[in-house]
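Shown here: coords_32.pdb, PDB, C-alpha atoms.
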```
MODEL        1
ATOM      1  CA  MET A   1       0.000   0.000   0.000  1.00  0.00           C
ATOM      2  CA  SER A   2       1.414   3.391  -0.922  1.00  0.00           C
ATOM      3  CA  SER A   3       1.819   6.150   1.652  1.00  0.00           C
ATOM      4  CA  ALA A   4      -0.741   8.242  -0.256  1.00  0.00           C
ATOM      5  CA  ALA A   5      -3.383   5.554   0.112  1.00  0.00           C
ATOM      6  CA  ALA A   6      -2.643   5.303   3.845  1.00  0.00           C
ATOM      7  CA  ILE A   7      -3.771   8.893   4.401  1.00  0.00           C
ATOM      8  CA  PRO A   8      -7.484   8.968   5.353  1.00  0.00           C
ATOM      9  CA  PHE A   9      -9.764  10.618   2.811  1.00  0.00           C
ATOM     10  CA  HIS A  10     -10.508  14.195   3.896  1.00  0.00           C
ATOM     11  CA  LEU A  11     -14.235  14.756   3.426  1.00  0.00           C
ATOM     12  CA  GLY A  12     -13.957  18.487   4.104  1.00  0.00           C
ATOM     13  CA  PRO A  13     -16.874  20.932   3.814  1.00  0.00           C
ATOM     14  CA  GLU A  14     -18.342  18.991   0.878  1.00  0.00           C
ATOM     15  CA  LEU A  15     -19.868  16.489   3.293  1.00  0.00           C
ATOM     16  CA  GLY A  16     -21.670  19.178   5.263  1.00  0.00           C
ATOM     17  CA  ARG A  17     -23.039  20.720   2.071  1.00  0.00           C
ATOM     18  CA  ALA A  18     -24.253  17.429   0.551  1.00  0.00           C
ATOM     19  CA  ILE A  19     -28.051  17.462   0.134  1.00  0.00           C
ATOM     20  CA  ASN A  20     -28.860  15.408  -2.965  1.00  0.00           C
ATOM     21  CA  ARG A  21     -27.802  12.279  -4.813  1.00  0.00           C
ATOM     22  CA  THR A  22     -25.505  14.164  -7.140  1.00  0.00           C
ATOM     23  CA  ASP A  23     -23.575  15.460  -4.129  1.00  0.00           C
ATOM     24  CA  PHE A  24     -23.247  11.969  -2.666  1.00  0.00           C
ATOM     25  CA  PHE A  25     -22.230  10.566  -6.056  1.00  0.00           C
ATOM     26  CA  ARG A  26     -19.346  13.039  -6.074  1.00  0.00           C
ATOM     27  CA  LEU A  27     -18.359  12.204  -2.499  1.00  0.00           C
ATOM     28  CA  LEU A  28     -18.305   8.460  -3.147  1.00  0.00           C
ATOM     29  CA  LYS A  29     -16.420   8.946  -6.413  1.00  0.00           C
ATOM     30  CA  SER A  30     -13.811  11.119  -4.674  1.00  0.00           C
ATOM     31  CA  ALA A  31     -13.419   8.592  -1.858  1.00  0.00           C
ATOM     32  CA  ALA A  32     -13.052   5.737  -4.355  1.00  0.00           C
ATOM     33  CA  GLN A  33     -10.409   7.629  -6.315  1.00  0.00           C
ATOM     34  CA  HIS A  34      -8.505   8.526  -3.136  1.00  0.00           C
ATOM     35  CA  TYR A  35      -8.173   4.846  -2.287  1.00  0.00           C
ATOM     36  CA  ARG A  36      -7.268   4.017  -5.909  1.00  0.00           C
ATOM     37  CA  PHE A  37     -10.533   2.289  -6.777  1.00  0.00           C
ATOM     38  CA  ASP A  38     -12.042   2.969 -10.202  1.00  0.00           C
ATOM     39  CA  CYS A  39     -15.660   2.054  -9.532  1.00  0.00           C
ATOM     40  CA  PHE A  40     -18.173   2.062  -6.711  1.00  0.00           C
ATOM     41  CA  ALA A  41     -21.792   1.026  -6.192  1.00  0.00           C
ATOM     42  CA  LEU A  42     -24.054   1.776  -3.217  1.00  0.00           C
ATOM     43  CA  ALA A  43     -26.918  -0.692  -2.936  1.00  0.00           C
ATOM     44  CA  ARG A  44     -29.657  -1.944  -0.665  1.00  0.00           C
ATOM     45  CA  VAL A  45     -29.204  -5.406   0.784  1.00  0.00           C
ATOM     46  CA  SER A  46     -32.391  -7.410   0.887  1.00  0.00           C
ATOM     47  CA  GLU A  47     -33.039 -10.975   1.995  1.00  0.00           C
ATOM     48  CA  ALA A  48     -35.726 -11.166  -0.678  1.00  0.00           C
ATOM     49  CA  SER A  49     -33.399 -10.573  -3.639  1.00  0.00           C
ATOM     50  CA  PRO A  50     -29.810 -11.346  -4.606  1.00  0.00           C
ATOM     51  CA  PRO A  51     -27.292  -8.901  -3.118  1.00  0.00           C
ATOM     52  CA  PHE A  52     -26.489  -6.097  -5.522  1.00  0.00           C
ATOM     53  CA  SER A  53     -29.125  -6.988  -8.074  1.00  0.00           C
ATOM     54  CA  ASN A  54     -29.442  -4.214 -10.661  1.00  0.00           C
ATOM     55  CA  ARG A  55     -32.636  -2.841  -9.163  1.00  0.00           C
ATOM     56  CA  GLU A  56     -31.100  -2.574  -5.688  1.00  0.00           C
ATOM     57  CA  ILE A  57     -28.258  -0.276  -6.764  1.00  0.00           C
ATOM     58  CA  ILE A  58     -28.860   3.325  -5.659  1.00  0.00           C
ATOM     59  CA  ILE A  59     -25.736   5.222  -6.695  1.00  0.00           C
ATOM     60  CA  THR A  60     -22.907   4.037  -8.936  1.00  0.00           C
ATOM     61  CA  ASN A  61     -20.429   5.297 -11.493  1.00  0.00           C
ATOM     62  CA  VAL A  62     -20.624   2.014 -13.407  1.00  0.00           C
ATOM     63  CA  ALA A  63     -22.431   2.465 -16.719  1.00  0.00           C
ATOM     64  CA  GLU A  64     -25.757   0.621 -16.803  1.00  0.00           C
ATOM     65  CA  ARG A  65     -24.635  -1.625 -19.654  1.00  0.00           C
ATOM     66  CA  ARG A  66     -21.594  -2.726 -17.587  1.00  0.00           C
ATOM     67  CA  VAL A  67     -23.318  -3.362 -14.250  1.00  0.00           C
ATOM     68  CA  ALA A  68     -23.794  -7.075 -14.963  1.00  0.00           C
ATOM     69  CA  LEU A  69     -20.048  -7.408 -15.663  1.00  0.00           C
ATOM     70  CA  PHE A  70     -19.250  -5.495 -12.471  1.00  0.00           C
ATOM     71  CA  LEU A  71     -21.446  -7.826 -10.404  1.00  0.00           C
ATOM     72  CA  TYR A  72     -19.977 -10.919 -12.052  1.00  0.00           C
ATOM     73  CA  GLY A  73     -16.458  -9.665 -11.348  1.00  0.00           C
ATOM     74  CA  MET A  74     -17.378  -9.029  -7.716  1.00  0.00           C
ATOM     75  CA  ARG A  75     -18.780 -12.537  -7.267  1.00  0.00           C
ATOM     76  CA  GLN A  76     -15.626 -13.992  -8.804  1.00  0.00           C
ATOM     77  CA  ALA A  77     -13.314 -11.911  -6.591  1.00  0.00           C
ATOM     78  CA  LEU A  78     -15.155 -12.308  -3.286  1.00  0.00           C
ATOM     79  CA  GLY A  79     -16.563 -15.770  -3.823  1.00  0.00           C
ATOM     80  CA  LEU A  80     -20.114 -16.617  -4.783  1.00  0.00           C
ATOM     81  CA  LEU A  81     -21.112 -17.983  -1.367  1.00  0.00           C
ATOM     82  CA  LYS A  82     -19.687 -14.985   0.524  1.00  0.00           C
ATOM     83  CA  THR A  83     -21.389 -12.563  -1.850  1.00  0.00           C
ATOM     84  CA  LYS A  84     -24.700 -14.357  -1.451  1.00  0.00           C
ATOM     85  CA  ALA A  85     -24.311 -14.140   2.329  1.00  0.00           C
ATOM     86  CA  SER A  86     -23.616 -10.398   2.281  1.00  0.00           C
ATOM     87  CA  GLN A  87     -27.020  -9.710   3.860  1.00  0.00           C
ATOM     88  CA  PHE A  88     -25.458 -11.106   7.050  1.00  0.00           C
ATOM     89  CA  LEU A  89     -22.120  -9.335   6.625  1.00  0.00           C
ATOM     90  CA  ALA A  90     -20.964  -7.299   9.632  1.00  0.00           C
ATOM     91  CA  MET A  91     -17.383  -6.501   8.584  1.00  0.00           C
ATOM     92  CA  PRO A  92     -15.854  -5.469   5.243  1.00  0.00           C
ATOM     93  CA  LEU A  93     -14.998  -8.240   2.797  1.00  0.00           C
ATOM     94  CA  SER A  94     -12.212  -7.940   0.240  1.00  0.00           C
ATOM     95  CA  GLY A  95     -10.761 -10.085  -2.503  1.00  0.00           C
ATOM     96  CA  SER A  96      -9.083 -10.053  -5.898  1.00  0.00           C
ATOM     97  CA  GLY A  97     -10.113 -11.656  -9.135  1.00  0.00           C
ATOM     98  CA  SER A  98      -7.742 -13.604 -11.328  1.00  0.00           C
ATOM     99  CA  LEU A  99      -7.966 -15.166 -14.735  1.00  0.00           C
ATOM    100  CA  PRO A 100      -7.316 -18.910 -15.109  1.00  0.00           C
ATOM    101  CA  GLU A 101      -4.129 -19.792 -16.972  1.00  0.00           C
ATOM    102  CA  ASP A 102      -6.087 -21.518 -19.713  1.00  0.00           C
ATOM    103  CA  TYR A 103      -8.393 -18.529 -20.266  1.00  0.00           C
ATOM    104  CA  PRO A 104      -9.045 -18.302 -24.036  1.00  0.00           C
ATOM    105  CA  ARG A 105      -7.292 -15.131 -25.138  1.00  0.00           C
ATOM    106  CA  ASP A 106      -9.624 -14.708 -28.099  1.00  0.00           C
ATOM    107  CA  LEU A 107     -12.603 -14.166 -25.796  1.00  0.00           C
ATOM    108  CA  VAL A 108     -13.728 -10.699 -24.811  1.00  0.00           C
ATOM    109  CA  LEU A 109     -12.196  -9.939 -21.434  1.00  0.00           C
ATOM    110  CA  ASN A 110     -14.484  -8.751 -18.636  1.00  0.00           C
ATOM    111  CA  GLU A 111     -12.787  -5.540 -17.551  1.00  0.00           C
ATOM    112  CA  PHE A 112     -13.545  -6.335 -13.887  1.00  0.00           C
ATOM    113  CA  ASP A 113     -12.238  -9.926 -13.858  1.00  0.00           C
ATOM    114  CA  SER A 114      -8.809  -9.092 -12.459  1.00  0.00           C
ATOM    115  CA  ASN A 115      -9.916  -6.251 -10.174  1.00  0.00           C
ATOM    116  CA  SER A 116      -9.685  -6.023  -6.398  1.00  0.00           C
ATOM    117  CA  PHE A 117     -13.056  -5.601  -4.684  1.00  0.00           C
ATOM    118  CA  LEU A 118     -13.977  -4.276  -1.260  1.00  0.00           C
ATOM    119  CA  LEU A 119     -17.503  -4.757   0.078  1.00  0.00           C
ATOM    120  CA  VAL A 120     -18.422  -2.459   2.987  1.00  0.00           C
ATOM    121  CA  PRO A 121     -21.601  -3.246   4.996  1.00  0.00           C
ATOM    122  CA  LEU A 122     -23.726  -0.298   6.179  1.00  0.00           C
ATOM    123  CA  PHE A 123     -26.729  -0.015   8.459  1.00  0.00           C
ATOM    124  CA  THR A 124     -29.476   2.551   9.105  1.00  0.00           C
ATOM    125  CA  PRO A 125     -30.691   3.295  12.667  1.00  0.00           C
ATOM    126  CA  GLU A 126     -33.730   1.109  11.896  1.00  0.00           C
ATOM    127  CA  GLY A 127     -31.460  -1.810  11.073  1.00  0.00           C
ATOM    128  CA  LYS A 128     -31.963  -1.762   7.304  1.00  0.00           C
ATOM    129  CA  ARG A 129     -28.914  -3.018   5.458  1.00  0.00           C
ATOM    130  CA  TYR A 130     -26.942  -1.371   2.664  1.00  0.00           C
ATOM    131  CA  CYS A 131     -23.433  -1.828   1.328  1.00  0.00           C
ATOM    132  CA  VAL A 132     -20.905  -0.182  -0.925  1.00  0.00           C
ATOM    133  CA  ALA A 133     -18.724  -2.169  -3.312  1.00  0.00           C
ATOM    134  CA  PHE A 134     -15.463  -0.620  -4.480  1.00  0.00           C
ATOM    135  CA  SER A 135     -13.513  -2.049  -7.406  1.00  0.00           C
ATOM    136  CA  GLY A 136     -10.225  -1.208  -9.064  1.00  0.00           C
ATOM    137  CA  LYS A 137      -7.080  -2.507 -10.705  1.00  0.00           C
ATOM    138  CA  ARG A 138      -4.978  -2.243  -7.575  1.00  0.00           C
ATOM    139  CA  ALA A 139      -3.598  -4.505  -4.872  1.00  0.00           C
ATOM    140  CA  GLU A 140      -6.044  -5.894  -2.347  1.00  0.00           C
ATOM    141  CA  PRO A 141      -6.228  -3.392   0.578  1.00  0.00           C
ATOM    142  CA  ASP A 142      -4.627  -4.338   3.889  1.00  0.00           C
ATOM    143  CA  GLN A 143      -6.439  -4.154   7.231  1.00  0.00           C
ATOM    144  CA  GLY A 144      -5.331  -0.600   7.954  1.00  0.00           C
ATOM    145  CA  GLU A 145      -6.608   0.726   4.668  1.00  0.00           C
ATOM    146  CA  VAL A 146      -9.845  -1.238   4.966  1.00  0.00           C
ATOM    147  CA  ALA A 147     -10.430   0.450   8.342  1.00  0.00           C
ATOM    148  CA  GLU A 148      -9.916   3.901   6.788  1.00  0.00           C
ATOM    149  CA  VAL A 149     -12.264   3.142   3.883  1.00  0.00           C
ATOM    150  CA  LEU A 150     -14.860   1.812   6.337  1.00  0.00           C
ATOM    151  CA  LEU A 151     -14.719   4.960   8.473  1.00  0.00           C
ATOM    152  CA  ASP A 152     -14.996   7.327   5.509  1.00  0.00           C
ATOM    153  CA  THR A 153     -17.778   5.308   3.907  1.00  0.00           C
ATOM    154  CA  ILE A 154     -19.775   5.274   7.148  1.00  0.00           C
ATOM    155  CA  ARG A 155     -19.434   9.062   7.420  1.00  0.00           C
ATOM    156  CA  ILE A 156     -20.750   9.547   3.896  1.00  0.00           C
ATOM    157  CA  PHE A 157     -23.554   7.027   4.377  1.00  0.00           C
ATOM    158  CA  ASP A 158     -24.676   8.550   7.693  1.00  0.00           C
ATOM    159  CA  LYS A 159     -25.054  11.920   5.977  1.00  0.00           C
ATOM    160  CA  PHE A 160     -26.797  10.244   3.028  1.00  0.00           C
ATOM    161  CA  TYR A 161     -29.234   8.656   5.457  1.00  0.00           C
ATOM    162  CA  GLU A 162     -29.889  11.983   7.177  1.00  0.00           C
ATOM    163  CA  GLU A 163     -30.461  13.909   3.941  1.00  0.00           C
ATOM    164  CA  ILE A 164     -32.024  11.299   1.661  1.00  0.00           C
ATOM    165  CA  LEU A 165     -32.966   7.906   3.103  1.00  0.00           C
ATOM    166  CA  ALA A 166     -34.725   9.102   6.263  1.00  0.00           C
ATOM    167  CA  HIS A 167     -37.088  11.245   4.206  1.00  0.00           C
ATOM    168  CA  GLU A 168     -37.693   8.504   1.665  1.00  0.00           C
ATOM    169  CA  MET A 169     -38.451   5.943   4.367  1.00  0.00           C
ATOM    170  CA  SER A 170     -40.984   8.296   5.937  1.00  0.00           C
ATOM    171  CA  GLY A 171     -42.659   8.804   2.559  1.00  0.00           C
ATOM    172  CA  ARG A 172     -42.918  12.521   3.252  1.00  0.00           C
ATOM    173  CA  LEU A 173     -41.766  15.123   0.773  1.00  0.00           C
ATOM    174  CA  THR A 174     -39.304  17.688   2.024  1.00  0.00           C
ATOM    175  CA  GLN A 175     -40.195  21.365   1.699  1.00  0.00           C
ATOM    176  CA  ARG A 176     -37.902  21.728  -1.296  1.00  0.00           C
ATOM    177  CA  GLU A 177     -39.352  18.641  -2.996  1.00  0.00           C
ATOM    178  CA  THR A 178     -42.849  20.020  -2.469  1.00  0.00           C
ATOM    179  CA  GLU A 179     -41.797  23.304  -4.084  1.00  0.00           C
ATOM    180  CA  VAL A 180     -40.323  21.472  -7.048  1.00  0.00           C
ATOM    181  CA  VAL A 181     -43.460  19.335  -7.468  1.00  0.00           C
ATOM    182  CA  LYS A 182     -45.622  22.487  -7.272  1.00  0.00           C
ATOM    183  CA  TRP A 183     -43.690  24.237 -10.027  1.00  0.00           C
ATOM    184  CA  THR A 184     -43.686  21.046 -12.109  1.00  0.00           C
ATOM    185  CA  SER A 185     -47.475  20.913 -11.779  1.00  0.00           C
ATOM    186  CA  GLU A 186     -47.571  24.419 -13.265  1.00  0.00           C
ATOM    187  CA  GLY A 187     -45.743  23.234 -16.368  1.00  0.00           C
ATOM    188  CA  LYS A 188     -42.277  24.477 -15.501  1.00  0.00           C
ATOM    189  CA  THR A 189     -39.251  22.588 -16.786  1.00  0.00           C
ATOM    190  CA  SER A 190     -36.280  21.640 -14.616  1.00  0.00           C
ATOM    191  CA  ALA A 191     -34.346  24.575 -16.121  1.00  0.00           C
ATOM    192  CA  ASP A 192     -37.213  26.948 -15.282  1.00  0.00           C
ATOM    193  CA  ILE A 193     -37.459  25.666 -11.705  1.00  0.00           C
ATOM    194  CA  ALA A 194     -33.687  25.946 -11.248  1.00  0.00           C
ATOM    195  CA  ILE A 195     -33.885  29.657 -12.080  1.00  0.00           C
ATOM    196  CA  ILE A 196     -36.943  30.242  -9.898  1.00  0.00           C
ATOM    197  CA  LEU A 197     -35.496  28.518  -6.828  1.00  0.00           C
ATOM    198  CA  GLY A 198     -31.861  29.471  -7.367  1.00  0.00           C
ATOM    199  CA  LEU A 199     -30.713  25.861  -7.692  1.00  0.00           C
ATOM    200  CA  SER A 200     -28.749  23.925 -10.281  1.00  0.00           C
ATOM    201  CA  GLU A 201     -30.724  21.921 -12.822  1.00  0.00           C
ATOM    202  CA  HIS A 202     -29.063  18.731 -11.510  1.00  0.00           C
ATOM    203  CA  THR A 203     -30.350  19.498  -7.998  1.00  0.00           C
ATOM    204  CA  VAL A 204     -33.871  20.095  -9.309  1.00  0.00           C
ATOM    205  CA  ASN A 205     -33.799  16.777 -11.164  1.00  0.00           C
ATOM    206  CA  SER A 206     -32.572  15.077  -7.982  1.00  0.00           C
ATOM    207  CA  HIS A 207     -35.532  16.479  -6.020  1.00  0.00           C
ATOM    208  CA  ILE A 208     -37.931  15.353  -8.753  1.00  0.00           C
ATOM    209  CA  ALA A 209     -36.449  11.854  -8.740  1.00  0.00           C
ATOM    210  CA  ALA A 210     -36.824  11.691  -4.950  1.00  0.00           C
ATOM    211  CA  ALA A 211     -40.450  12.830  -5.132  1.00  0.00           C
ATOM    212  CA  VAL A 212     -41.191  10.248  -7.841  1.00  0.00           C
ATOM    213  CA  ARG A 213     -39.790   7.480  -5.610  1.00  0.00           C
ATOM    214  CA  LYS A 214     -41.611   8.621  -2.477  1.00  0.00           C
ATOM    215  CA  LEU A 215     -44.960   8.949  -4.256  1.00  0.00           C
ATOM    216  CA  GLU A 216     -44.364   5.629  -6.054  1.00  0.00           C
ATOM    217  CA  ALA A 217     -44.927   7.320  -9.388  1.00  0.00           C
ATOM    218  CA  VAL A 218     -43.603   6.127 -12.726  1.00  0.00           C
ATOM    219  CA  ASN A 219     -42.728   9.542 -14.156  1.00  0.00           C
ATOM    220  CA  ARG A 220     -43.189  13.281 -13.623  1.00  0.00           C
ATOM    221  CA  VAL A 221     -46.726  13.380 -14.983  1.00  0.00           C
ATOM    222  CA  HIS A 222     -47.774  10.554 -12.671  1.00  0.00           C
ATOM    223  CA  MET A 223     -45.972  12.297  -9.783  1.00  0.00           C
ATOM    224  CA  VAL A 224     -47.973  15.492 -10.319  1.00  0.00           C
ATOM    225  CA  ALA A 225     -51.251  13.541 -10.597  1.00  0.00           C
ATOM    226  CA  ILE A 226     -50.591  11.753  -7.297  1.00  0.00           C
ATOM    227  CA  ALA A 227     -49.527  14.984  -5.582  1.00  0.00           C
ATOM    228  CA  LEU A 228     -52.731  16.712  -6.715  1.00  0.00           C
ATOM    229  CA  ARG A 229     -54.857  13.778  -5.564  1.00  0.00           C
ATOM    230  CA  MET A 230     -53.165  13.786  -2.162  1.00  0.00           C
ATOM    231  CA  GLY A 231     -53.540  17.536  -1.794  1.00  0.00           C
ATOM    232  CA  LEU A 232     -49.779  18.082  -1.640  1.00  0.00           C
ATOM    233  CA  VAL A 233     -50.093  20.798  -4.291  1.00  0.00           C
ATOM    234  CA  SER A 234     -53.061  22.783  -5.502  1.00  0.00           C
TER     235      SER A 234
ENDMDL
END
```

Would you mind writing the structure in this file as structure tokens?
Amino acid sequence: MSSAAAIPFHLGPELGRAINRTDFFRLLKSAAQHYRFDCFALARVSEASPPFSNREIIITNVAERRVALFLYGMRQALGLLKTKASQFLAMPLSGSGSLPEDYPRDLVLNEFDSNSFLLVPLFTPEGKRYCVAFSGKRAEPDQGEVAEVLLDTIRIFDKFYEEILAHEMSGRLTQRETEVVKWTSEGKTSADIAIILGLSEHTVNSHIAAAVRKLEAVNRVHMVAIALRMGLVS
């Protein structure tokens, strides 16, 4: 492990200012890069579905078309049985993938096959389980580095819970989400709402996505219809 990787990731003021999924995407990406991982994926862990199934992933920098390869690489590196048992995981799990000597060189290589993976378990105050998987073409992290990654990841996740998950679990829209839904119901675009509320367009879209999830809508139009029916906007 290099001396640079041994230095804990400094979250700085960005953590305190994080309020939406875009902010947390940037924090997780920065943390991954600091520890020399190329990819990350934050996901729910459910006993009812395979760990890290596509639909359980919340935030990731892995392109959608490559998620299946990422998950396959993780199962190969960590072991299928251990990955399946991740809903019971209490401590981080790490491992490295390797290609068999007789691997046909004319086959398309899964870019994640020879990566190191680190799976970090996370928990909400209610006991719901989540985890973050990091992956990169680097040596498997030692215990000291795993401890640093765990601490930084917990800090980010705790803030993510406070700003995002707690509200989603309650099913209640935040004041800002209600404002965004109201302006959407009046036919305003994300760009329009960003100007009106003094936000970035990415932040507006993040609030809309959160409102869609909380109201169990399928799109913006459905979101507005549900909000009107529930009296959340008039």

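Neighbours of range 223-229 of chain A closer than or equal to 10 Å, with all atoms listed in the file counted and sequence neighbours fewer than 2 positions away skipped, come out as Thr178, Val181, Lys182, Trp183, Thr184, Ser185, Glu186, Ile208, Ala209, Ala211, Val212, Arg213, Lys214, Leu215, Glu216, Ala217, Val218, Asn219, Arg220, Val221, Gly231, Leu232, Val233 and Ser234 of chain A.
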
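Considering only C-alpha atoms, the residue among A:Pro125, A:Thr189, A:Glu177, A:Asn205 positioned nearest to Glu162 in chain A is A:Pro125.
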
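Between CA of Phe40 in chain A and CA of Ala133 in chain A the interatomic distance comes to 5.5 Å.
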
- Query: Hey, what's within 12 Å of Glu14 in chain A if we count all atoms listed in the file and toss same-chain stuff fewer than 5 positions away? As a count of residues only, please?
  - Reply: 14

Please evaluate the PyMOL selection byres ((chain A and resi 197) around 12) against the displayed coordinates and give the resulting residues as an mmCIF file with C-alpha atoms, keeping the file's coordinate frame.
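Once written, out25.cif looks like this:
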```cif
data_model
loop_
_atom_site.group_PDB
_atom_site.id
_atom_site.type_symbol
_atom_site.label_atom_id
_atom_site.label_comp_id
_atom_site.auth_asym_id
_atom_site.auth_seq_id
_atom_site.Cartn_x
_atom_site.Cartn_y
_atom_site.Cartn_z
ATOM 1 C CA ARG A 176 -37.902 21.728 -1.296
ATOM 2 C CA GLU A 177 -39.352 18.641 -2.996
ATOM 3 C CA GLU A 179 -41.797 23.304 -4.084
ATOM 4 C CA VAL A 180 -40.323 21.472 -7.048
ATOM 5 C CA LYS A 182 -45.622 22.487 -7.272
ATOM 6 C CA TRP A 183 -43.690 24.237 -10.027
ATOM 7 C CA LYS A 188 -42.277 24.477 -15.501
ATOM 8 C CA SER A 190 -36.280 21.640 -14.616
ATOM 9 C CA ALA A 191 -34.346 24.575 -16.121
ATOM 10 C CA ASP A 192 -37.213 26.948 -15.282
ATOM 11 C CA ILE A 193 -37.459 25.666 -11.705
ATOM 12 C CA ALA A 194 -33.687 25.946 -11.248
ATOM 13 C CA ILE A 195 -33.885 29.657 -12.080
ATOM 14 C CA ILE A 196 -36.943 30.242 -9.898
ATOM 15 C CA GLY A 198 -31.861 29.471 -7.367
ATOM 16 C CA LEU A 199 -30.713 25.861 -7.692
ATOM 17 C CA SER A 200 -28.749 23.925 -10.281
ATOM 18 C CA GLU A 201 -30.724 21.921 -12.822
ATOM 19 C CA THR A 203 -30.350 19.498 -7.998
ATOM 20 C CA VAL A 204 -33.871 20.095 -9.309
#
```

- Message: Using only C-alpha atoms for the distances, tell me which of A:Met74, A:Val62, A:Ala43, A:Leu93 is nearest to Lys128 in chain A.
- Response: A:Ala43

- Message: List as a ChimeraX atom specification the protein and nucleic acid residues near Gly73 in chain A, meaning an atom at most 10 Å away when only C-alpha atoms are counted, but skip any in the same chain fewer than 2 places from it.
- Response: /A:67-71,75-79,96-98,110-117,135
